Amino acid sequence: MASRAQPISAGQRAGAAIAALVLLAVLGPLGAVLWRANALSGLGPADLSAIRFTIWQAFLSAAFSVALAVPVARALARRSFPGRGALIALMGAPFILPVIVAILGLITIFGRRGILNEGLVALGLPGLEIYGLHGVVLAHVFFNLPLAVRLFLQGWLAIPAERFRLAATLGFTPRDIARHMEWPMLRQVAPGAFLVIFLICTTSFAVALILGGGPRATTVELAIYQAFRYEFDLGRAAMLGLVQVSICIVAGLLVLRVAVPAAMGTGLDRPVERFDQQSRAQMSLDWLAITLAALFLMLPLLAVLMRGIGGVLTLPESVWAAAERSVVLSLATAALAVALALPMAMLIARGKARGVLETIGALSIAVSPLVIGTGLFLILRPYVNPSSSALPVTGLVNALAALPFLLRALVPAIEAAEAGYGPLADSLGMTGGQRLRHVLLPRIRRPLGFGAGLAAAMSMGDLGVITLFAAPQAGTLPLEMFRLMGAYRTDDAEAAALVLLVLSLALFWIFDRGGRVNAAS
Amino acid sequence: MLRVDKVRLGFDGFTLTADLTVAKGARLAVLGPSGGGKTTLLSIIAGFLRPDAGRVVIDGQDVTDRPVQDRPLSILFQEGNLFPHLAAFDNVALGVKPSLKLTENDRADVARALDQVGLGALGDRKPGDLSGGQRSRVALARMLLRRKPLALLDEPFAALDPGLRREMLALVGDLCTAEGLTLVMVSHDLRDAERLCTDLCLLEDGAIRLNGPLPALLADPPAPLTPWL
């Protein structure tokens, strides 16, 4: 939207100030890391192998996610069945699913003593290994396959319905449809989907922390953590931080070069209307793809549910204390994220310095949370005890991490509200707080609730910065669960996973619901 | 040629009932407001929708249970008639062989169809590099090439400006005469219908209000037709 001839309001000044603050909060720690890294140790063989592993696992994860998503999305696009909507909604869940819960579920199914391996052993076949490259890729596919499916499904539904009718009148076979309609769509969507997933996987920390490790399966993020936490080699942590930022920036620039479709779109709940005769083999393949995908996504979560439920009542006090801290932390994170995002989004929607502001909003993706956390630690260390600032730092970093998602949800809604009612509000002289309360907020409640819920759930499940410097008795629930897993207290870990899962989903649901109740349509 | 025999289809609280006949070589305009059932009627004739009751007969054959691709007809939609990634030539060639494995004869036929609509030189352009009128001509060329006796037009020229639309209607009229096609055209403009068609049917609220030869209806317009004049 073009900027309007309006005096600069207090709100816009606030937006600009917040953008500057965000920039400072991201670049300041990066600067601190750089400054500390004056004795930049060269990259050792271990570091080089971490870089190689990071890129290789991200490549494999993205390739498998995209390749497996094609048959699943294709099947979902052309079949309608009861539960289809629920399955597609489930495909949106990985955003709010705590990583560590999913990993525990995957271990329950695919782990050494998991259900799958017991079956294989019973059949006299060799078992599978979940730790190392396999496990890291498996977990990444678990999280990103649904994203890829949603992107492709959107591509399928974006093929105009008339084109399928046209194909029918011209007597297209399924093969002709694939060649003239589906293949061109896939060629358009796949590069963006691949690169986004690649980018997400290069920043992977929690997955590598639990399923990776060792010289052959360490990501750069994990190496930063190890350099910081075990060796306290700040120069090396800083150097690795720079490497991580470079990887993300290169991947990010590639993402910007290809068009990435939005994954959050709605309206995926109708199947494509097709008229071509479909063979029995195709039908069977479709049902196989749908069944396997549903099992792959649901079994780990069902396993957590079934095995956790018995232990919830006997959970140690420390778990409940951690849960309480986590809830407070994620509520504070959501509030902070909204406070940062709303003024920035309003400024972006006004069309002022749009490119710059959007870049600032997306910076936290490029500068990984672990690097920001390390830098904040370096800045704060002279003034406060790091372990006592662990929770506030985690909250700030998580809010910054949620910022791009919130902006993406809010900006279009604010633009629509301004386009529809801005001139009327201008003519009535509504500015500042009145405009926000009476014009904007009622019209952006849905995306605001959705974004706040996303921020709260992401923070609730986050196992990143908190691992850097939490004191033993002051961690969050994911950290507590990680410690239980490390201590082989599997029953408690499974029960804690259930609590964490329920809390994350509940936080998201409450915010999202709150945005919908009585929302202006 | 075309017989829509006591057809009825109900969905979402809307019911269409239609009974009409189109003689061979005639050109029927289906006129009516949006939501009146025009496109539904066309979809039933084409085979995208199956009627709850009644029959569709084309050339003496009951096609009610036949899939779209087995009916002797071609369709031009309002939009989306062309695949954006294929050149005009290939878009036309889809009408002969969707696999695009063309023989020399096929290629000559495609070239001739493009010539007929005045686009002989533009076969290698993609739809994005053609004007709206030229895109319509490409779709028309494909329709000719398919040599189906019945042509269905779903307001295919609605997006063109009036001058261009007149030109396209004239072209369609010439081609129908030359090829002996029978035509059903959905429209919401009586002037367009007058330019091209021989018969008129007025469809409102899912029912046929008027049906007859166009010149007679225009000479003494009955009450339902007056808002369209």
# chains A, B, ... in the order shown; residues from 1 in each chain; ligands from 1

$ interface_residues --of "chain B" --to "chain A" --cutoff "10 Å" --atoms "only C-alpha atoms" --output "number ranges by chain"
B: 43, 46-48, 67-86, 94-100, 142-143, 146

$ write_last_selection --atoms "N, CA and C atoms" --output "JSON list (two decimals), in the first residue's frame"
[["chain", "number", "residue", "atom", "x", "y", "z"],
["B", 43, "SER", "N", -22.94, -27.23, -17.81],
["B", 43, "SER", "CA", -22.16, -28.30, -17.19],
["B", 43, "SER", "C", -22.86, -29.65, -17.32],
["B", 46, "ALA", "N", -22.34, -30.73, -20.89],
["B", 46, "ALA", "CA", -20.94, -31.14, -21.11],
["B", 46, "ALA", "C", -20.62, -32.44, -20.38],
["B", 47, "GLY", "N", -21.29, -32.69, -19.25],
["B", 47, "GLY", "CA", -21.01, -33.92, -18.51],
["B", 47, "GLY", "C", -20.22, -33.69, -17.23],
["B", 48, "PHE", "N", -20.03, -32.43, -16.83],
["B", 48, "PHE", "CA", -19.36, -32.17, -15.55],
["B", 48, "PHE", "C", -20.30, -32.44, -14.38],
["B", 67, "PRO", "N", -18.92, -40.13, -19.80],
["B", 67, "PRO", "CA", -18.01, -39.11, -19.26],
["B", 67, "PRO", "C", -17.74, -38.01, -20.28],
["B", 68, "VAL", "N", -17.25, -36.90, -19.77],
["B", 68, "VAL", "CA", -17.03, -35.71, -20.59],
["B", 68, "VAL", "C", -16.30, -36.02, -21.88],
["B", 69, "GLN", "N", -15.21, -36.78, -21.75],
["B", 69, "GLN", "CA", -14.33, -36.93, -22.91],
["B", 69, "GLN", "C", -14.96, -37.77, -24.01],
["B", 70, "ASP", "N", -16.04, -38.49, -23.70],
["B", 70, "ASP", "CA", -16.68, -39.33, -24.72],
["B", 70, "ASP", "C", -17.89, -38.66, -25.35],
["B", 71, "ARG", "N", -18.12, -37.39, -25.07],
["B", 71, "ARG", "CA", -19.25, -36.70, -25.68],
["B", 71, "ARG", "C", -18.77, -35.92, -26.89],
["B", 72, "PRO", "N", -19.57, -35.87, -27.96],
["B", 72, "PRO", "CA", -19.11, -35.21, -29.19],
["B", 72, "PRO", "C", -19.23, -33.69, -29.10],
["B", 73, "LEU", "N", -18.48, -33.08, -28.22],
["B", 73, "LEU", "CA", -18.59, -31.62, -28.07],
["B", 73, "LEU", "C", -17.27, -30.99, -27.66],
["B", 74, "SER", "N", -17.17, -29.68, -27.89],
["B", 74, "SER", "CA", -16.03, -28.89, -27.44],
["B", 74, "SER", "C", -16.55, -27.76, -26.57],
["B", 75, "ILE", "N", -15.69, -27.27, -25.67],
["B", 75, "ILE", "CA", -16.12, -26.19, -24.78],
["B", 75, "ILE", "C", -15.10, -25.07, -24.79],
["B", 76, "LEU", "N", -15.58, -23.84, -24.75],
["B", 76, "LEU", "CA", -14.72, -22.70, -24.44],
["B", 76, "LEU", "C", -15.20, -22.12, -23.11],
["B", 77, "PHE", "N", -14.28, -22.06, -22.15],
["B", 77, "PHE", "CA", -14.65, -21.51, -20.83],
["B", 77, "PHE", "C", -14.46, -20.01, -20.81],
["B", 78, "GLN", "N", -14.95, -19.42, -19.71],
["B", 78, "GLN", "CA", -14.78, -17.98, -19.53],
["B", 78, "GLN", "C", -13.29, -17.62, -19.50],
["B", 79, "GLU", "N", -12.51, -18.41, -18.74],
["B", 79, "GLU", "CA", -11.07, -18.21, -18.74],
["B", 79, "GLU", "C", -10.39, -19.54, -18.49],
["B", 80, "GLY", "N", -9.07, -19.52, -18.56],
["B", 80, "GLY", "CA", -8.33, -20.76, -18.32],
["B", 80, "GLY", "C", -8.47, -21.76, -19.45],
["B", 81, "ASN", "N", -8.62, -21.26, -20.68],
["B", 81, "ASN", "CA", -8.72, -22.17, -21.81],
["B", 81, "ASN", "C", -7.37, -22.67, -22.30],
["B", 82, "LEU", "N", -6.31, -21.98, -21.85],
["B", 82, "LEU", "CA", -4.98, -22.32, -22.36],
["B", 82, "LEU", "C", -4.06, -22.68, -21.20],
["B", 83, "PHE", "N", -3.08, -23.53, -21.48],
["B", 83, "PHE", "CA", -2.05, -23.83, -20.49],
["B", 83, "PHE", "C", -0.94, -22.81, -20.63],
["B", 84, "PRO", "N", -0.64, -22.10, -19.55],
["B", 84, "PRO", "CA", 0.28, -20.96, -19.67],
["B", 84, "PRO", "C", 1.70, -21.35, -20.07],
["B", 85, "HIS", "N", 2.10, -22.60, -19.78],
["B", 85, "HIS", "CA", 3.50, -22.96, -20.06],
["B", 85, "HIS", "C", 3.69, -23.54, -21.46],
["B", 86, "LEU", "N", 2.59, -23.70, -22.20],
["B", 86, "LEU", "CA", 2.72, -24.26, -23.55],
["B", 86, "LEU", "C", 2.52, -23.17, -24.60],
["B", 94, "LEU", "N", -3.05, -29.93, -28.41],
["B", 94, "LEU", "CA", -3.67, -30.76, -27.38],
["B", 94, "LEU", "C", -5.03, -31.27, -27.83],
["B", 95, "GLY", "N", -5.65, -30.52, -28.74],
["B", 95, "GLY", "CA", -6.97, -30.92, -29.24],
["B", 95, "GLY", "C", -6.90, -32.18, -30.10],
["B", 96, "VAL", "N", -5.75, -32.44, -30.72],
["B", 96, "VAL", "CA", -5.60, -33.67, -31.50],
["B", 96, "VAL", "C", -5.07, -34.79, -30.61],
["B", 97, "LYS", "N", -3.95, -34.52, -29.95],
["B", 97, "LYS", "CA", -3.32, -35.55, -29.12],
["B", 97, "LYS", "C", -2.80, -34.93, -27.83],
["B", 98, "PRO", "N", -3.43, -35.26, -26.71],
["B", 98, "PRO", "CA", -2.95, -34.72, -25.44],
["B", 98, "PRO", "C", -1.50, -35.12, -25.14],
["B", 99, "SER", "N", -1.02, -36.18, -25.77],
["B", 99, "SER", "CA", 0.36, -36.59, -25.52],
["B", 99, "SER", "C", 1.35, -35.71, -26.28],
["B", 100, "LEU", "N", 0.83, -34.89, -27.24],
["B", 100, "LEU", "CA", 1.65, -34.02, -28.08],
["B", 100, "LEU", "C", 2.64, -34.79, -28.96],
["B", 142, "ARG", "N", -8.38, -24.48, -31.42],
["B", 142, "ARG", "CA", -8.39, -25.84, -30.90],
["B", 142, "ARG", "C", -9.78, -26.45, -31.05],
["B", 143, "MET", "N", -10.79, -25.61, -30.78],
["B", 143, "MET", "CA", -12.16, -26.11, -30.89],
["B", 143, "MET", "C", -12.44, -26.58, -32.32],
["B", 146, "ARG", "N", -10.80, -29.93, -33.19],
["B", 146, "ARG", "CA", -11.37, -31.13, -32.59],
["B", 146, "ARG", "C", -12.54, -31.69, -33.41]]

$ residues_around --residues "region 150-159 of chain B" --least-positions-apart "6" --cutoff "10 Å" --atoms "only C-alpha atoms" --output "number ranges by chain"
B: 1-2, 24-25, 27-30, 38-39, 42-43, 45-46, 58-59, 71-81, 132-133, 136, 139-140, 143-144, 165-166, 168-169, 176, 180-189, 192

$ residues_around --residues "Val4 (chain B)" --least-positions-apart "6" --cutoff "12 Å" --atoms "only C-alpha atoms" --output "ChimeraX atom specification"
/B:17-23,41-42,44-46,51,53-64,184,208

$ residues_around --residues "region 217-231 of chain A" --least-positions-apart "6" --cutoff "10 Å" --atoms "only C-alpha atoms" --output "ChimeraX atom specification"
/A:46-58,131-136,201-211,237-241,243-244,247,368-371,374,464-465,467-469

$ write_last_selection --atoms "C-alpha atoms" --output "JSON list (two decimals), in the first residue's frame"
[["chain", "number", "residue", "atom", "x", "y", "z"],
["A", 46, "ALA", "CA", 36.09, -31.27, 14.00],
["A", 47, "ASP", "CA", 34.61, -27.91, 12.98],
["A", 48, "LEU", "CA", 34.93, -28.71, 9.30],
["A", 49, "SER", "CA", 33.20, -32.03, 9.78],
["A", 50, "ALA", "CA", 30.42, -30.23, 11.69],
["A", 51, "ILE", "CA", 29.96, -27.91, 8.72],
["A", 52, "ARG", "CA", 29.89, -30.83, 6.31],
["A", 53, "PHE", "CA", 27.42, -32.72, 8.48],
["A", 54, "THR", "CA", 25.15, -29.66, 8.85],
["A", 55, "ILE", "CA", 24.89, -29.20, 5.10],
["A", 56, "TRP", "CA", 24.64, -32.90, 4.27],
["A", 57, "GLN", "CA", 21.88, -33.68, 6.79],
["A", 58, "ALA", "CA", 19.95, -30.55, 5.78],
["A", 131, "TYR", "CA", 21.14, -42.21, 16.67],
["A", 132, "GLY", "CA", 23.37, -40.46, 14.17],
["A", 133, "LEU", "CA", 22.59, -39.28, 10.66],
["A", 134, "HIS", "CA", 19.57, -41.57, 10.20],
["A", 135, "GLY", "CA", 17.86, -40.31, 13.30],
["A", 136, "VAL", "CA", 18.56, -36.64, 12.61],
["A", 201, "CYS", "CA", 17.35, -27.92, 9.04],
["A", 202, "THR", "CA", 20.66, -26.04, 8.97],
["A", 203, "THR", "CA", 19.64, -24.31, 12.21],
["A", 204, "SER", "CA", 18.63, -27.55, 13.84],
["A", 205, "PHE", "CA", 19.84, -27.80, 17.40],
["A", 206, "ALA", "CA", 17.56, -29.85, 19.64],
["A", 207, "VAL", "CA", 17.32, -32.73, 17.15],
["A", 208, "ALA", "CA", 21.11, -32.92, 16.83],
["A", 209, "LEU", "CA", 21.52, -32.51, 20.60],
["A", 210, "ILE", "CA", 19.43, -35.59, 21.30],
["A", 211, "LEU", "CA", 19.84, -37.80, 18.26],
["A", 237, "ALA", "CA", 32.01, -20.59, 19.85],
["A", 238, "ALA", "CA", 32.25, -17.18, 18.20],
["A", 239, "MET", "CA", 33.95, -18.57, 15.12],
["A", 240, "LEU", "CA", 31.33, -21.29, 14.77],
["A", 241, "GLY", "CA", 28.64, -18.69, 15.32],
["A", 243, "VAL", "CA", 30.00, -19.96, 10.26],
["A", 244, "GLN", "CA", 26.40, -20.65, 11.24],
["A", 247, "ILE", "CA", 25.33, -20.75, 6.18],
["A", 368, "SER", "CA", 20.55, -18.34, 15.00],
["A", 369, "PRO", "CA", 19.03, -18.25, 18.49],
["A", 370, "LEU", "CA", 22.08, -19.98, 19.91],
["A", 371, "VAL", "CA", 24.39, -17.28, 18.55],
["A", 374, "THR", "CA", 25.82, -16.69, 23.36],
["A", 464, "GLY", "CA", 17.66, -24.04, 22.57],
["A", 465, "VAL", "CA", 19.11, -21.07, 24.37],
["A", 467, "THR", "CA", 20.47, -25.27, 27.47],
["A", 468, "LEU", "CA", 23.33, -22.77, 27.36],
["A", 469, "PHE", "CA", 23.13, -21.44, 30.89]]

$ atom_distance --atom1 "CA of Gly11 (chain A)" --atom2 "CA of Leu342 (chain A)"
10.0 Å

$ select_by_dssp --residues "region 25-131 of chain B" --states "helix (DSSP H, G or I)" --output "PyMOL selection string"
chain B and resi 38-46+68-70+88-93+104-116+120-122+127-129

$ closest_residue --among "A:Tyr421, A:Trp156, A:Trp287, A:Tyr488" --to "Pro271 (chain A)" --atoms "only C-alpha atoms"
A:Trp156

$ residues_around --residues "Leu254 (chain A)" --least-positions-apart "6" --cutoff "12 Å" --atoms "only C-alpha atoms" --output "ChimeraX atom specification"
/A:191-199,247-248,260

$ write_last_selection --atoms "C-alpha atoms" --output "JSON list (two decimals), in the first residue's frame"
[["chain", "number", "residue", "atom", "x", "y", "z"],
["A", 191, "PRO", "CA", 12.57, -25.42, -5.23],
["A", 192, "GLY", "CA", 11.03, -23.06, -2.67],
["A", 193, "ALA", "CA", 9.86, -25.92, -0.47],
["A", 194, "PHE", "CA", 13.28, -27.58, -0.67],
["A", 195, "LEU", "CA", 15.19, -24.43, 0.25],
["A", 196, "VAL", "CA", 12.91, -23.45, 3.13],
["A", 197, "ILE", "CA", 13.27, -26.92, 4.65],
["A", 198, "PHE", "CA", 17.01, -26.87, 3.99],
["A", 199, "LEU", "CA", 17.24, -23.53, 5.83],
["A", 247, "ILE", "CA", 25.33, -20.75, 6.18],
["A", 248, "CYS", "CA", 21.95, -19.27, 7.08],
["A", 260, "VAL", "CA", 8.14, -19.39, -1.54]]

$ atom_distance --atom1 "CA of Ile372 (chain A)" --atom2 "CA of Pro29 (chain A)"
5.3 Å

$ atom_distance --atom1 "CA of Ala474 (chain A)" --atom2 "CA of Tyr383 (chain A)"
19.5 Å

$ select_by_dssp --residues "region 29-186 of chain B" --states "strand (DSSP E)" --output "list in words"
Ala29, Val30, Leu31, Ala53, Gly54, Arg55, Val56, Val57, Ile58, Gln61, Asp62, Leu73, Ser74, Ile75, Leu76, Leu150, Ala151, Leu152, Leu153, Asp154, Thr182, Leu183, Val184, Met185 and Val186 of chain B

$ closest_residue --among "B:Ala141, B:Thr40, B:Asp5, B:Ser131" --to "Asp90 (chain B)" --atoms "only C-alpha atoms"
B:Ala141

$ closest_residue --among "A:Ala122, A:Leu151, A:Ala470, A:Met283" --to "Pro174 (chain A)" --atoms "only C-alpha atoms"
A:Met283

$ closest_residue --among "A:Pro215, A:Pro45, A:Gly28, A:Gly515" --to "Gly373 (chain A)" --atoms "only C-alpha atoms"
A:Gly28

$ residues_around --residues "Pro224 (chain B)" --least-positions-apart "3" --cutoff "8 Å" --atoms "only C-alpha atoms" --output "NGL selection string"
:B and (209-210 or 227)

$ closest_residue --among "A:Thr291, A:Ser318, A:Thr476, A:Ser427" --to "Phe81 (chain A)" --atoms "only C-alpha atoms"
A:Thr291

$ decode --residues "region 207-225 of chain A" --atoms "N, CA and C atoms" --output "mmCIF file, in the first residue's frame"
data_model
loop_
_atom_site.group_PDB
_atom_site.id
_atom_site.type_symbol
_atom_site.label_atom_id
_atom_site.label_comp_id
_atom_site.auth_asym_id
_atom_site.auth_seq_id
_atom_site.Cartn_x
_atom_site.Cartn_y
_atom_site.Cartn_z
ATOM 1 N N VAL A 207 17.293 -31.397 17.778
ATOM 2 C CA VAL A 207 17.324 -32.727 17.152
ATOM 3 C C VAL A 207 18.738 -33.293 17.192
ATOM 4 N N ALA A 208 19.722 -32.450 16.834
ATOM 5 C CA ALA A 208 21.108 -32.916 16.830
ATOM 6 C C ALA A 208 21.588 -33.175 18.254
ATOM 7 N N LEU A 209 21.108 -32.350 19.198
ATOM 8 C CA LEU A 209 21.523 -32.509 20.596
ATOM 9 C C LEU A 209 21.122 -33.888 21.111
ATOM 10 N N ILE A 210 19.931 -34.342 20.743
ATOM 11 C CA ILE A 210 19.431 -35.595 21.304
ATOM 12 C C ILE A 210 19.802 -36.793 20.435
ATOM 13 N N LEU A 211 19.635 -36.637 19.121
ATOM 14 C CA LEU A 211 19.843 -37.802 18.257
ATOM 15 C C LEU A 211 21.223 -37.816 17.608
ATOM 16 N N GLY A 212 21.912 -36.670 17.620
ATOM 17 C CA GLY A 212 23.219 -36.603 16.977
ATOM 18 C C GLY A 212 24.324 -36.671 18.013
ATOM 19 N N GLY A 213 25.363 -35.897 17.771
ATOM 20 C CA GLY A 213 26.492 -35.877 18.684
ATOM 21 C C GLY A 213 27.606 -36.759 18.178
ATOM 22 N N GLY A 214 28.757 -36.632 18.816
ATOM 23 C CA GLY A 214 29.905 -37.411 18.369
ATOM 24 C C GLY A 214 30.517 -36.775 17.143
ATOM 25 N N PRO A 215 31.675 -37.252 16.756
ATOM 26 C CA PRO A 215 32.382 -36.608 15.645
ATOM 27 C C PRO A 215 31.638 -36.733 14.321
ATOM 28 N N ARG A 216 30.758 -37.725 14.191
ATOM 29 C CA ARG A 216 30.154 -37.949 12.882
ATOM 30 C C ARG A 216 28.757 -37.366 12.748
ATOM 31 N N ALA A 217 28.202 -36.856 13.808
ATOM 32 C CA ALA A 217 26.829 -36.349 13.703
ATOM 33 C C ALA A 217 26.641 -35.100 14.560
ATOM 34 N N THR A 218 27.520 -34.123 14.377
ATOM 35 C CA THR A 218 27.401 -32.873 15.118
ATOM 36 C C THR A 218 27.124 -31.741 14.138
ATOM 37 N N THR A 219 26.047 -30.983 14.403
ATOM 38 C CA THR A 219 25.775 -29.816 13.565
ATOM 39 C C THR A 219 26.566 -28.633 14.119
ATOM 40 N N VAL A 220 26.633 -27.560 13.331
ATOM 41 C CA VAL A 220 27.364 -26.382 13.771
ATOM 42 C C VAL A 220 26.733 -25.829 15.048
ATOM 43 N N GLU A 221 25.393 -25.804 15.097
ATOM 44 C CA GLU A 221 24.720 -25.295 16.286
ATOM 45 C C GLU A 221 25.104 -26.116 17.518
ATOM 46 N N LEU A 222 25.169 -27.423 17.342
ATOM 47 C CA LEU A 222 25.537 -28.286 18.460
ATOM 48 C C LEU A 222 26.988 -28.041 18.859
ATOM 49 N N ALA A 223 27.848 -27.794 17.870
ATOM 50 C CA ALA A 223 29.251 -27.520 18.156
ATOM 51 C C ALA A 223 29.390 -26.215 18.941
ATOM 52 N N ILE A 224 28.538 -25.213 18.616
ATOM 53 C CA ILE A 224 28.561 -23.953 19.371
ATOM 54 C C ILE A 224 28.238 -24.246 20.836
ATOM 55 N N TYR A 225 27.204 -25.017 21.037
ATOM 56 C CA TYR A 225 26.771 -25.379 22.385
ATOM 57 C C TYR A 225 27.890 -26.082 23.139
#
